[in-house]
>>> print(open('target.cif').read())   # mmCIF, C-alpha atoms
data_work
loop_
_atom_site.label_atom_id
_atom_site.label_comp_id
_atom_site.auth_asym_id
_atom_site.auth_seq_id
_atom_site.Cartn_x
_atom_site.Cartn_y
_atom_site.Cartn_z
CA MET B 1 -106.72 80.53 -69.59
CA ARG B 2 -107.37 77.69 -67.17
CA ASN B 3 -103.64 77.77 -66.39
CA ILE B 4 -104.38 80.69 -64.11
CA ILE B 5 -105.31 78.11 -61.50
CA ALA B 6 -101.55 77.91 -60.88
CA PHE B 7 -101.75 81.02 -58.70
CA PRO B 8 -104.37 79.88 -56.17
CA LEU B 9 -103.14 76.28 -56.25
CA LEU B 10 -99.48 77.06 -55.66
CA GLY B 11 -100.37 79.77 -53.14
CA LEU B 12 -102.42 77.24 -51.22
CA ALA B 13 -99.63 74.67 -51.54
CA VAL B 14 -97.12 77.08 -50.01
CA ILE B 15 -99.52 77.89 -47.15
CA VAL B 16 -100.12 74.18 -46.51
CA GLN B 17 -96.38 73.55 -46.72
CA SER B 18 -95.63 76.26 -44.15
CA SER B 19 -98.43 75.52 -41.72
CA LEU B 20 -99.08 71.79 -42.03
CA VAL B 21 -96.49 69.79 -43.98
CA SER B 22 -93.58 71.35 -42.09
CA GLU B 23 -95.16 70.07 -38.87
CA ILE B 24 -95.26 66.47 -40.17
CA HIS B 25 -91.56 65.81 -39.94
CA LEU B 26 -89.46 62.71 -39.87
CA LEU B 27 -86.29 63.47 -37.89
CA GLN B 28 -85.51 66.96 -39.28
CA GLY B 29 -86.86 66.41 -42.78
CA TYR B 30 -90.26 67.10 -44.24
CA ALA B 31 -91.88 66.85 -47.64
CA ASP B 32 -91.66 69.65 -50.21
CA LEU B 33 -95.20 70.07 -51.54
CA PRO B 34 -94.55 72.87 -54.09
CA MET B 35 -91.67 70.85 -55.54
CA LEU B 36 -93.89 67.75 -55.83
CA ILE B 37 -96.58 69.78 -57.60
CA ILE B 38 -94.07 71.24 -60.05
CA ALA B 39 -92.56 67.80 -60.74
CA ALA B 40 -95.96 66.13 -61.23
CA TRP B 41 -97.21 68.95 -63.46
CA ALA B 42 -94.11 68.92 -65.64
CA LEU B 43 -94.52 65.17 -66.19
CA GLN B 44 -98.02 65.47 -67.66
CA GLU B 45 -98.01 64.83 -71.38
CA ARG B 46 -100.38 67.61 -72.46
CA VAL B 47 -98.89 70.28 -70.22
CA ASP B 48 -96.84 73.00 -71.89
CA SER B 49 -96.89 75.51 -69.03
CA ALA B 50 -94.60 73.78 -66.54
CA TRP B 51 -92.00 76.55 -66.76
CA HIS B 52 -94.61 79.15 -65.87
CA TRP B 53 -95.79 77.08 -62.92
CA ALA B 54 -92.19 76.77 -61.71
CA ALA B 55 -91.82 80.55 -61.87
CA VAL B 56 -95.02 81.06 -59.87
CA ALA B 57 -93.87 78.50 -57.27
CA CYS B 58 -90.50 80.29 -56.98
CA LEU B 59 -92.33 83.57 -56.41
CA PHE B 60 -94.47 82.22 -53.58
CA VAL B 61 -91.86 80.07 -51.83
CA ALA B 62 -89.11 82.69 -52.03
CA PHE B 63 -91.53 85.22 -50.51
CA ILE B 64 -92.16 83.11 -47.43
CA SER B 65 -88.79 81.41 -46.96
CA SER B 66 -85.57 82.94 -45.71
CA LEU B 67 -83.56 80.69 -47.99
CA PRO B 68 -82.03 82.78 -50.85
CA TRP B 69 -84.39 82.92 -53.84
CA ILE B 70 -81.71 81.67 -56.21
CA VAL B 71 -82.02 78.22 -54.61
CA PHE B 72 -85.69 77.96 -55.63
CA VAL B 73 -85.20 79.49 -59.07
CA VAL B 74 -82.36 77.16 -60.02
CA GLY B 75 -83.88 74.18 -58.17
CA TYR B 76 -87.40 74.34 -59.61
CA ILE B 77 -86.23 75.11 -63.13
CA SER B 78 -83.85 72.15 -62.93
CA ILE B 79 -86.70 69.93 -61.78
CA VAL B 80 -88.90 70.98 -64.69
CA TYR B 81 -86.02 70.39 -67.07
CA ILE B 82 -85.36 66.90 -65.66
CA ALA B 83 -89.07 66.10 -65.73
CA ARG B 84 -89.47 67.17 -69.37
CA ILE B 85 -86.52 65.00 -70.39
CA LEU B 86 -87.83 62.00 -68.47
CA GLN B 87 -91.41 62.53 -69.66
CA ARG B 88 -90.26 61.95 -73.25
CA ARG B 89 -88.18 58.89 -72.39
CA VAL B 90 -90.17 57.10 -69.67
CA TRP B 91 -93.66 58.00 -70.85
CA GLN B 92 -94.97 54.44 -70.48
CA ALA B 93 -94.28 54.33 -66.73
CA PRO B 94 -95.40 57.70 -65.37
CA LEU B 95 -95.03 56.77 -61.70
CA LEU B 96 -91.49 55.56 -62.27
CA ALA B 97 -90.77 58.88 -63.95
CA MET B 98 -92.36 60.72 -60.99
CA PHE B 99 -90.23 58.81 -58.49
CA SER B 100 -87.10 59.51 -60.52
CA VAL B 101 -87.86 63.23 -60.78
CA VAL B 102 -88.71 63.50 -57.09
CA PHE B 103 -85.55 61.65 -56.08
CA THR B 104 -83.32 63.75 -58.31
CA GLY B 105 -85.18 66.96 -57.54
CA THR B 106 -84.88 66.50 -53.78
CA LEU B 107 -81.15 65.90 -54.10
CA VAL B 108 -80.78 68.96 -56.35
CA MET B 109 -82.71 71.19 -53.94
CA HIS B 110 -80.72 69.98 -50.93
CA ILE B 111 -77.34 70.25 -52.64
CA LEU B 112 -78.24 73.79 -53.69
CA SER B 113 -79.48 74.72 -50.18
CA PHE B 114 -76.39 73.22 -48.59
CA GLY B 115 -74.06 74.94 -51.05
CA VAL B 116 -75.65 78.38 -50.91
CA LEU B 117 -75.98 78.44 -47.11
CA THR B 118 -72.38 77.27 -46.71
CA LEU B 119 -71.26 80.04 -49.05
CA LEU B 120 -73.19 82.51 -46.90
CA GLY B 121 -71.25 81.42 -43.84
CA THR B 122 -73.54 78.92 -42.12
CA SER B 123 -71.66 75.85 -40.96
CA PHE B 124 -73.26 72.46 -41.52
CA SER B 125 -72.20 68.93 -40.83
CA PHE B 126 -72.60 67.04 -44.10
CA SER B 127 -73.40 63.76 -42.34
CA ASP B 128 -76.06 65.45 -40.17
CA VAL B 129 -77.65 67.01 -43.25
CA ALA B 130 -77.60 63.71 -45.14
CA THR B 131 -78.96 61.52 -42.36
CA LEU B 132 -81.30 63.90 -40.54
CA ILE B 133 -82.66 66.01 -43.39
CA THR B 134 -82.06 64.62 -46.87
CA LEU B 135 -82.87 60.93 -46.37
CA PRO B 136 -86.09 61.53 -44.37
CA THR B 137 -87.15 64.20 -46.88
CA LEU B 138 -86.56 61.76 -49.73
CA LEU B 139 -88.75 59.17 -48.05
CA LEU B 140 -91.57 61.62 -47.32
CA ASN B 141 -91.39 63.11 -50.82
CA MET B 142 -91.67 59.60 -52.31
CA LEU B 143 -94.70 58.87 -50.13
CA PHE B 144 -96.46 62.10 -51.06
CA SER B 145 -95.55 61.83 -54.74
CA ILE B 146 -98.20 59.22 -55.59
CA PRO B 147 -101.30 61.22 -54.48
CA VAL B 148 -99.83 64.45 -55.82
CA TYR B 149 -99.16 62.85 -59.20
CA THR B 150 -102.74 61.53 -59.38
CA LEU B 151 -104.21 64.90 -58.48
CA MET B 152 -102.07 66.76 -60.99
CA ARG B 153 -102.93 64.25 -63.73
CA ASP B 154 -106.64 64.87 -63.14
CA LEU B 155 -106.01 68.61 -63.07
CA SER B 156 -104.16 68.42 -66.37
CA TYR B 157 -107.23 66.79 -67.97
CA TRP B 158 -109.27 69.75 -66.78
CA VAL B 159 -106.77 72.42 -67.85
CA TYR B 160 -106.02 70.71 -71.18
CA PRO B 161 -109.23 68.93 -72.24
CA ALA B 162 -108.89 66.33 -74.99
CA GLU B 163 -109.72 67.62 -78.47
CA VAL B 164 -112.83 66.08 -80.05
CA MET B 165 -112.23 64.72 -83.58
CA GLU B 166 -115.08 65.34 -86.00
CA MET D 167 -197.05 36.41 -21.10
CA LYS D 168 -196.80 34.89 -17.64
CA SER D 169 -194.95 31.87 -19.04
CA ARG D 170 -192.28 34.19 -20.76
CA SER D 171 -191.75 36.05 -17.51
CA LEU D 172 -191.34 32.79 -15.67
CA GLN D 173 -188.84 31.57 -18.32
CA THR D 174 -186.72 34.73 -17.96
CA THR D 175 -186.76 34.42 -14.20
CA ILE D 176 -185.63 30.77 -14.38
CA ILE D 177 -182.79 31.64 -16.82
CA PHE D 178 -181.60 34.44 -14.54
CA LEU D 179 -181.73 32.14 -11.54
CA VAL D 180 -179.81 29.37 -13.32
CA VAL D 181 -177.13 31.77 -14.63
CA GLY D 182 -176.90 33.48 -11.28
CA GLY D 183 -176.63 30.13 -9.57
CA ILE D 184 -173.86 28.95 -11.90
CA LEU D 185 -172.04 32.26 -11.36
CA ALA D 186 -172.41 31.94 -7.62
CA LEU D 187 -171.13 28.37 -7.72
CA ALA D 188 -168.17 29.44 -9.93
CA LEU D 189 -167.28 32.33 -7.62
CA GLY D 190 -167.59 29.95 -4.71
CA GLY D 191 -164.94 27.69 -6.26
CA PHE D 192 -167.17 24.74 -7.06
CA PHE D 193 -166.23 24.82 -10.81
CA GLY D 194 -162.39 25.14 -10.27
CA THR D 195 -161.17 22.59 -12.83
CA ALA D 196 -163.72 23.49 -15.45
CA SER D 197 -163.17 27.24 -15.08
CA ASN D 198 -159.37 26.76 -15.22
CA ARG D 199 -159.58 24.83 -18.44
CA PHE D 200 -161.94 27.37 -19.88
CA SER D 201 -159.76 30.30 -18.87
CA SER D 202 -156.55 28.68 -20.20
CA ILE D 203 -158.17 28.03 -23.57
CA PHE D 204 -159.51 31.56 -23.57
CA ILE D 205 -156.10 33.02 -22.72
CA SER D 206 -154.35 30.91 -25.39
CA ILE D 207 -156.77 32.05 -28.04
CA GLN D 208 -156.45 35.64 -26.90
CA THR D 209 -152.67 35.43 -26.90
CA TRP D 210 -152.60 33.91 -30.38
CA ILE D 211 -154.93 36.54 -31.75
CA PHE D 212 -153.12 39.38 -30.03
CA THR D 213 -149.65 38.32 -31.22
CA ARG D 214 -150.90 37.93 -34.78
CA TYR D 215 -152.53 41.31 -34.56
CA GLN D 216 -149.34 42.84 -33.15
CA GLY D 217 -147.33 41.29 -35.98
CA PHE D 218 -149.72 42.70 -38.50
CA GLN D 219 -149.62 46.09 -36.80
CA ASP D 220 -145.78 46.06 -36.88
CA LEU D 221 -145.90 45.14 -40.53
CA VAL D 222 -148.18 48.03 -41.30
CA THR D 223 -146.57 50.69 -39.09
CA ALA D 224 -142.87 49.61 -39.05
CA PRO D 225 -141.61 51.40 -42.21
CA GLY D 226 -142.79 54.71 -40.89
CA ASP D 227 -141.07 54.05 -37.56
CA ILE D 228 -137.78 53.10 -39.22
CA VAL D 229 -137.75 56.29 -41.25
CA ALA D 230 -138.54 58.31 -38.13
CA LEU D 231 -135.87 56.47 -36.14
CA ARG D 232 -133.29 56.90 -38.83
CA GLN D 233 -134.03 60.59 -38.98
CA GLU D 234 -133.81 60.86 -35.22
CA ASN D 235 -130.55 58.90 -35.25
CA ALA D 236 -129.09 61.20 -37.89
CA ASN D 237 -130.16 64.23 -35.88
CA LEU D 238 -128.58 62.81 -32.74
CA GLU D 239 -125.36 61.94 -34.58
CA ALA D 240 -125.20 65.46 -35.97
CA GLN D 241 -125.76 66.81 -32.49
CA VAL D 242 -122.99 64.57 -31.08
CA SER D 243 -120.51 65.66 -33.74
CA GLN D 244 -121.45 69.30 -33.13
CA LEU D 245 -120.89 68.87 -29.41
CA GLN D 246 -117.58 67.12 -30.06
CA ALA D 247 -116.47 70.03 -32.26
CA GLN D 248 -117.51 72.43 -29.51
CA LEU D 249 -115.56 70.37 -26.99
CA ILE D 250 -112.41 70.46 -29.12
CA GLU D 251 -112.80 74.20 -29.62
CA LEU D 252 -113.26 74.73 -25.90
CA GLN D 253 -110.21 72.58 -25.13
CA GLN D 254 -108.19 74.68 -27.57
CA ARG D 255 -109.43 77.84 -25.88
CA VAL D 256 -108.47 76.45 -22.48
CA ASN D 257 -104.99 75.67 -23.80
CA GLU D 258 -104.68 79.15 -25.29
CA THR D 259 -105.94 80.71 -22.08
CA GLU D 260 -103.37 78.79 -20.05
CA ILE D 261 -100.58 79.91 -22.38
CA LEU D 262 -101.81 83.51 -22.33
CA ALA D 263 -102.11 83.48 -18.53
CA ALA D 264 -98.50 82.31 -18.27
CA LEU D 265 -97.43 85.02 -20.72
CA VAL D 266 -99.33 87.68 -18.77
CA ASP D 267 -97.60 86.53 -15.56
CA PHE D 268 -94.29 86.77 -17.38
CA SER D 269 -94.98 90.28 -18.67
CA ARG D 270 -96.10 91.41 -15.20
CA SER D 271 -92.93 90.07 -13.63
CA ASN D 272 -90.85 91.89 -16.28
CA PRO D 273 -92.48 95.33 -16.40
CA GLU D 274 -89.41 97.04 -17.89
CA SER D 275 -90.30 95.67 -21.34
CA THR D 276 -93.44 96.13 -23.39
CA TYR D 277 -94.77 93.09 -25.18
CA LYS D 278 -97.02 92.25 -28.08
CA ALA D 279 -98.46 88.75 -28.21
CA ALA D 280 -98.47 86.92 -31.53
CA SER D 281 -99.60 83.51 -32.72
CA VAL D 282 -97.28 81.21 -34.62
CA ILE D 283 -98.89 80.56 -38.02
CA GLY D 284 -96.20 78.68 -39.87
CA ARG D 285 -92.63 77.58 -40.29
CA ASP D 286 -90.03 78.09 -42.99
CA PRO D 287 -90.67 75.74 -45.94
CA SER D 288 -86.98 74.73 -45.97
CA PRO D 289 -85.89 72.07 -43.45
CA PHE D 290 -82.41 73.62 -43.43
CA LEU D 291 -83.63 76.67 -41.55
CA HIS D 292 -85.33 77.22 -38.22
CA TYR D 293 -87.70 80.13 -38.67
CA ILE D 294 -91.29 80.67 -37.61
CA ILE D 295 -93.91 83.00 -39.03
CA ILE D 296 -96.07 85.05 -36.65
CA ASN D 297 -99.33 86.91 -37.29
CA ARG D 298 -98.10 90.38 -36.29
CA GLY D 299 -96.31 92.76 -38.60
CA SER D 300 -95.51 96.39 -39.22
CA ASN D 301 -99.17 97.32 -38.70
CA ASP D 302 -98.63 96.29 -35.06
CA ASP D 303 -95.33 98.23 -34.79
CA ILE D 304 -93.22 95.11 -35.12
CA GLN D 305 -89.77 95.89 -36.48
CA ARG D 306 -86.82 93.89 -37.66
CA GLY D 307 -84.46 92.87 -34.86
CA MET D 308 -87.00 92.84 -32.04
CA PRO D 309 -86.47 89.94 -29.61
CA VAL D 310 -89.15 87.27 -29.31
CA VAL D 311 -89.72 85.42 -26.04
CA THR D 312 -92.15 83.17 -24.20
CA ASN D 313 -92.67 82.92 -20.46
CA GLN D 314 -90.03 80.15 -20.53
CA GLY D 315 -87.28 82.14 -22.21
CA LEU D 316 -85.74 83.49 -25.39
CA VAL D 317 -87.17 82.26 -28.71
CA GLY D 318 -85.32 84.37 -31.29
CA ARG D 319 -85.63 87.68 -33.06
CA VAL D 320 -87.63 89.19 -35.86
CA ASP D 321 -85.85 88.73 -39.17
CA ALA D 322 -88.30 90.14 -41.73
CA VAL D 323 -91.56 92.07 -41.47
CA ILE D 324 -94.52 92.64 -43.77
CA ALA D 325 -97.78 94.43 -42.97
CA ASP D 326 -99.55 91.66 -41.03
CA ALA D 327 -96.88 89.03 -40.47
CA ALA D 328 -93.26 88.65 -39.51
CA ARG D 329 -90.60 85.98 -39.83
CA VAL D 330 -88.65 85.11 -36.69
CA GLN D 331 -85.23 83.51 -36.65
CA LEU D 332 -85.11 80.99 -33.81
CA ILE D 333 -81.99 80.66 -31.67
CA THR D 334 -81.83 77.06 -32.90
CA ASP D 335 -81.23 78.20 -36.49
CA PRO D 336 -77.79 77.21 -37.79
CA ALA D 337 -77.05 80.84 -38.70
CA SER D 338 -78.02 82.17 -35.27
CA GLY D 339 -75.48 83.41 -32.74
CA VAL D 340 -76.35 84.89 -29.33
CA ASN D 341 -73.98 86.44 -26.83
CA VAL D 342 -74.73 84.81 -23.49
CA TYR D 343 -73.70 84.97 -19.87
CA LEU D 344 -73.23 81.94 -17.66
CA GLN D 345 -74.58 83.03 -14.32
CA ASN D 346 -72.81 80.58 -11.98
CA ALA D 347 -69.49 80.64 -13.78
CA ASP D 348 -69.67 84.43 -14.22
CA THR D 349 -68.38 84.33 -17.76
CA ASP D 350 -69.47 85.15 -21.30
CA ALA D 351 -69.87 82.78 -24.23
CA VAL D 352 -71.61 82.52 -27.57
CA LEU D 353 -74.63 80.32 -28.25
CA TYR D 354 -74.99 78.71 -31.67
CA GLY D 355 -77.85 76.84 -33.28
CA SER D 356 -77.50 73.86 -35.56
CA VAL D 357 -79.27 72.10 -38.38
CA THR D 358 -80.52 69.45 -35.95
CA GLY D 359 -82.25 72.08 -33.77
CA ASP D 360 -79.80 71.58 -30.90
CA ILE D 361 -78.06 74.57 -29.37
CA SER D 362 -74.54 74.68 -28.02
CA LEU D 363 -72.15 77.05 -26.33
CA ASP D 364 -68.76 77.98 -27.69
CA LEU D 365 -65.99 80.43 -26.85
CA ILE D 366 -66.05 79.57 -23.14
CA SER D 367 -62.69 80.46 -21.68
CA GLN D 368 -60.52 77.53 -20.58
CA ASP D 369 -59.92 79.28 -17.24
CA VAL D 370 -63.48 79.09 -15.96
CA THR D 371 -65.27 76.12 -14.40
CA VAL D 372 -68.66 75.38 -15.87
CA GLU D 373 -70.94 72.80 -14.31
CA PRO D 374 -73.90 70.96 -15.81
CA GLY D 375 -77.07 72.77 -14.75
CA ASP D 376 -75.54 76.26 -14.93
CA LEU D 377 -78.10 78.83 -16.02
CA ILE D 378 -77.55 80.61 -19.34
CA LEU D 379 -78.84 84.17 -19.87
CA THR D 380 -78.43 86.68 -22.65
CA SER D 381 -75.54 89.02 -21.92
CA GLY D 382 -76.73 91.97 -24.00
CA LEU D 383 -73.31 92.28 -25.62
CA GLY D 384 -73.40 93.29 -29.27
CA GLY D 385 -76.74 94.98 -28.88
CA GLY D 386 -78.72 92.23 -30.61
CA TYR D 387 -80.69 91.12 -27.55
CA PRO D 388 -81.56 92.67 -24.19
CA ALA D 389 -79.67 91.30 -21.19
CA ASP D 390 -80.88 88.67 -18.71
CA LEU D 391 -83.31 86.71 -20.86
CA VAL D 392 -83.31 83.03 -19.90
CA ILE D 393 -82.04 80.64 -22.57
CA GLY D 394 -81.50 77.31 -20.86
CA GLN D 395 -79.07 75.20 -18.85
CA VAL D 396 -75.73 73.59 -19.54
CA VAL D 397 -76.07 69.84 -20.07
CA THR D 398 -72.56 68.61 -20.84
CA LEU D 399 -69.21 70.32 -21.12
CA ARG D 400 -66.44 69.43 -23.55
CA THR D 401 -62.96 70.52 -22.53
CA LEU D 402 -59.93 69.64 -24.64
CA GLU D 403 -56.52 70.89 -23.55
CA PHE D 404 -55.29 71.60 -27.06
CA GLU D 405 -58.30 73.81 -27.90
CA LEU D 406 -58.53 77.49 -27.09
CA PHE D 407 -62.08 77.36 -25.74
CA GLN D 408 -64.48 74.97 -24.07
CA GLN D 409 -67.79 73.95 -25.62
CA ALA D 410 -71.02 72.90 -23.99
CA THR D 411 -74.34 71.44 -25.05
CA VAL D 412 -77.43 73.27 -23.85
CA GLN D 413 -80.93 72.24 -22.85
CA PRO D 414 -83.14 75.12 -24.04
CA ALA D 415 -85.80 76.46 -21.67
CA VAL D 416 -88.25 76.82 -24.55
CA ASP D 417 -89.82 73.83 -26.27
CA PHE D 418 -89.32 74.90 -29.88
CA THR D 419 -91.49 72.10 -31.26
CA ARG D 420 -94.58 73.40 -29.43
CA LEU D 421 -94.49 77.13 -30.04
CA GLU D 422 -98.03 78.49 -30.29
CA ILE D 423 -98.07 82.00 -28.84
CA VAL D 424 -95.01 84.21 -28.41
CA LEU D 425 -94.29 87.71 -27.12
CA VAL D 426 -92.41 90.30 -29.16
CA ILE D 427 -90.50 92.83 -27.04
CA THR D 428 -91.49 96.02 -28.80
CA ASN D 429 -89.52 98.58 -26.80
CA PHE D 430 -86.14 97.08 -27.65
CA ARG D 431 -84.21 98.46 -30.59
CA PRO D 432 -81.18 96.43 -31.69
CA VAL D 433 -77.94 98.39 -31.87
CA ASP D 434 -75.93 98.15 -35.04
CA ILE D 435 -72.33 98.13 -33.87
CA SER D 436 -70.82 97.30 -37.25
CA PRO D 437 -69.54 100.90 -37.82
CA LEU D 438 -67.62 100.59 -34.56
CA VAL D 439 -65.87 97.37 -35.53
CA PRO D 440 -62.36 98.23 -36.66
CA VAL D 441 -61.65 97.36 -40.27
CA SER D 442 -58.29 95.77 -40.92
CA PRO D 443 -56.27 97.75 -43.51
#
>>> encode(input="target.cif", output="structure tokens")
Amino acid sequence: MRNIIAFPLLGLAVIVQSSLVSEIHLLQGYADLPMLIIAAWALQERVDSAWHWAAVACLFVAFISSLPWIVFVVGYISIVYIARILQRRVWQAPLLAMFSVVFTGTLVMHILSFGVLTLLGTSFSFSDVATLITLPTLLLNMLFSIPVYTLMRDLSYWVYPAEVME
Amino acid sequence: MKSRSLQTTIIFLVVGGILALALGGFFGTASNRFSSIFISIQTWIFTRYQGFQDLVTAPGDIVALRQENANLEAQVSQLQAQLIELQQRVNETEILAALVDFSRSNPESTYKAASVIGRDPSPFLHYIIINRGSNDDIQRGMPVVTNQGLVGRVDAVIADAARVQLITDPASGVNVYLQNADTDAVLYGSVTGDISLDLISQDVTVEPGDLILTSGLGGGYPADLVIGQVVTLRTLEFELFQQATVQPAVDFTRLEIVLVITNFRPVDISPLVPVSP
């Protein structure tokens, strides 16, 4: 039942992303807060609702963005999938897992955005996208990933409290 | 009885005499020594008393001072917040005054002012979100301007907000008119936020500084809205057209308040475009 916090939290994250995070840019790139939240949530050991959170994030972000919704659906679901795989294999180094998921997830999102927009007829220079958008976004996502991971870990303890053995 | 009265009189006379001699300066050294000892004792007693008084009353003073300090700090922070708010209002007023001047100088259009409340979450796209929507008669395709020039056009509308595609967006294309060269061209955005001109005929001479206006062709934008100036021109003999980089009139990184032209309806000319068999 406490999982319902996904709605206000992700709604707030999308608002903050649109109004604040998108203003803190490095060259043309900026951090992707909803993606970081999804990645951090999916990496928590007790969490079994990461897919639902990804769906809620898709709903909110696709509503506000003019990027085709398929990018967010495929991108966020891929990120949850990667995170669940890594969470089982790199469970002893959660921050390393977070960095790996954020790095891979950012690349997945940008490759998808680039591909879909190119298919829709928008012309991009690959080198411009790589140097001005993807690399700065990677750096900012890495920087933001540590506090986001910590917050989501604490939230997971609240949503999934430890069972008391009698 | 007589002897006691005589004794009192003698004492008075002696004391009065000593006093008179002291006031007359005959006891200078002795009175100085006496007064210095007296002052030293008084000073010692007074300072000890003051120390004791501080010891007794100081805690109460510190509490009162701390409280006063906290009150003053709260007052300072409140005044600072008020100052920031007033500065923001001054900025907004300046922007609004410029927009009002612009709307007065262009009375053929009707405008609706809107605040920019966000940007597209994707860094690949250049869109802004404004706080006016269909409840304010905003419709898809309406041009958006500032007093400096063209910003873009409304791309999607909900009840209380709208999404505006900027002319810097990579998918944006605007038919423009170069005033000095008297020729048409097309303005494109890019992923970097720069805008450039393409499809400039090889026959015309374009100079840096030439003014770029919307041409109105295609029906997407009204004519004669300022876009910017030509910065550099690229002419290659083996290409069909010339290209140019453009300095936009609008600072797209500092968009706060914009005007939506509400009496312009975009024309859909797609049914008129011949379809190849």
>>> interface_residues(input="target.cif", of="chain D", to="chain B", cutoff="6 Å", atoms="all atoms listed in the file", output="ChimeraX atom specification")
/D:284-287,289,337
>>> closest_residue(input="target.cif", among="B:Val108, B:Trp51, B:Tyr81, B:Leu26", to="B:Leu135", atoms="all atoms listed in the file")
B:Leu26
>>> residues_near_point(input="target.cif", point="(-69.9, 68.6, -17.7)", cutoff="8 Å", atoms="all atoms listed in the file", output="number ranges by chain")
D: 372-374, 396-400, 410
>>> atom_distance(input="target.cif", atom1="atom CA of D:Phe404", atom2="atom CA of D:Thr349")
20.5 Å
>>> resolve_selection(input="target.cif", expression="the PyMOL selection byres ((chain D and resi 429) around 7)", output="MDAnalysis selection string")
chainID D and resid 275:276 427:428 430:431
>>> resolve_selection(input="target.cif", expression="the PyMOL selection byres ((chain B and resi 87-95) around 10)", output="count of residues only")
21
>>> resolve_selection(input="target.cif", expression="the PyMOL selection byres ((chain B and resi 72) around 10)", output="mmCIF file with C-alpha atoms, in the coordinates of the input")
data_model
loop_
_atom_site.group_PDB
_atom_site.id
_atom_site.type_symbol
_atom_site.label_atom_id
_atom_site.label_comp_id
_atom_site.auth_asym_id
_atom_site.auth_seq_id
_atom_site.Cartn_x
_atom_site.Cartn_y
_atom_site.Cartn_z
ATOM 1 C CA MET B 35 -91.670 70.850 -55.540
ATOM 2 C CA ALA B 54 -92.190 76.770 -61.710
ATOM 3 C CA ALA B 55 -91.820 80.550 -61.870
ATOM 4 C CA ALA B 57 -93.870 78.500 -57.270
ATOM 5 C CA CYS B 58 -90.500 80.290 -56.980
ATOM 6 C CA LEU B 59 -92.330 83.570 -56.410
ATOM 7 C CA PHE B 60 -94.470 82.220 -53.580
ATOM 8 C CA VAL B 61 -91.860 80.070 -51.830
ATOM 9 C CA ALA B 62 -89.110 82.690 -52.030
ATOM 10 C CA SER B 65 -88.790 81.410 -46.960
ATOM 11 C CA LEU B 67 -83.560 80.690 -47.990
ATOM 12 C CA PRO B 68 -82.030 82.780 -50.850
ATOM 13 C CA TRP B 69 -84.390 82.920 -53.840
ATOM 14 C CA ILE B 70 -81.710 81.670 -56.210
ATOM 15 C CA VAL B 71 -82.020 78.220 -54.610
ATOM 16 C CA VAL B 73 -85.200 79.490 -59.070
ATOM 17 C CA VAL B 74 -82.360 77.160 -60.020
ATOM 18 C CA GLY B 75 -83.880 74.180 -58.170
ATOM 19 C CA TYR B 76 -87.400 74.340 -59.610
ATOM 20 C CA ILE B 77 -86.230 75.110 -63.130
ATOM 21 C CA SER B 78 -83.850 72.150 -62.930
ATOM 22 C CA MET B 109 -82.710 71.190 -53.940
ATOM 23 C CA LEU B 112 -78.240 73.790 -53.690
ATOM 24 C CA SER B 113 -79.480 74.720 -50.180
#
>>> atom_distance(input="target.cif", atom1="atom CA of D:Pro336", atom2="atom CA of D:Ser362")
10.6 Å
>>> closest_residue(input="target.cif", among="D:Ala351, D:Ile295, D:Val311, D:Leu332", to="D:Gln368", atoms="only C-alpha atoms")
D:Ala351
>>> decode(input="target.cif", residues="stretch 123-131 of chain B", atoms="N, CA and C atoms", output="PDB file, in the first residue's frame")
ATOM      1  N   SER B 123      16.989  15.923 -38.273  1.00  0.00           N
ATOM      2  CA  SER B 123      18.389  15.613 -38.586  1.00  0.00           C
ATOM      3  C   SER B 123      19.282  16.030 -37.417  1.00  0.00           C
ATOM      4  N   PHE B 124      20.160  15.126 -37.031  1.00  0.00           N
ATOM      5  CA  PHE B 124      21.095  15.380 -35.929  1.00  0.00           C
ATOM      6  C   PHE B 124      22.515  15.108 -36.409  1.00  0.00           C
ATOM      7  N   SER B 125      23.447  15.825 -35.810  1.00  0.00           N
ATOM      8  CA  SER B 125      24.843  15.470 -36.013  1.00  0.00           C
ATOM      9  C   SER B 125      25.239  14.571 -34.854  1.00  0.00           C
ATOM     10  N   PHE B 126      25.707  13.357 -35.187  1.00  0.00           N
ATOM     11  CA  PHE B 126      26.025  12.384 -34.142  1.00  0.00           C
ATOM     12  C   PHE B 126      27.104  12.917 -33.198  1.00  0.00           C
ATOM     13  N   SER B 127      28.105  13.597 -33.773  1.00  0.00           N
ATOM     14  CA  SER B 127      29.196  14.100 -32.913  1.00  0.00           C
ATOM     15  C   SER B 127      28.688  15.199 -31.982  1.00  0.00           C
ATOM     16  N   ASP B 128      27.789  16.054 -32.492  1.00  0.00           N
ATOM     17  CA  ASP B 128      27.205  17.100 -31.631  1.00  0.00           C
ATOM     18  C   ASP B 128      26.423  16.474 -30.483  1.00  0.00           C
ATOM     19  N   VAL B 129      25.622  15.457 -30.823  1.00  0.00           N
ATOM     20  CA  VAL B 129      24.815  14.801 -29.786  1.00  0.00           C
ATOM     21  C   VAL B 129      25.718  14.157 -28.741  1.00  0.00           C
ATOM     22  N   ALA B 130      26.774  13.488 -29.221  1.00  0.00           N
ATOM     23  CA  ALA B 130      27.667  12.787 -28.285  1.00  0.00           C
ATOM     24  C   ALA B 130      28.399  13.770 -27.381  1.00  0.00           C
ATOM     25  N   THR B 131      28.957  14.815 -27.965  1.00  0.00           N
ATOM     26  CA  THR B 131      29.806  15.709 -27.171  1.00  0.00           C
ATOM     27  C   THR B 131      29.016  16.762 -26.386  1.00  0.00           C
TER      28      THR B 131
END
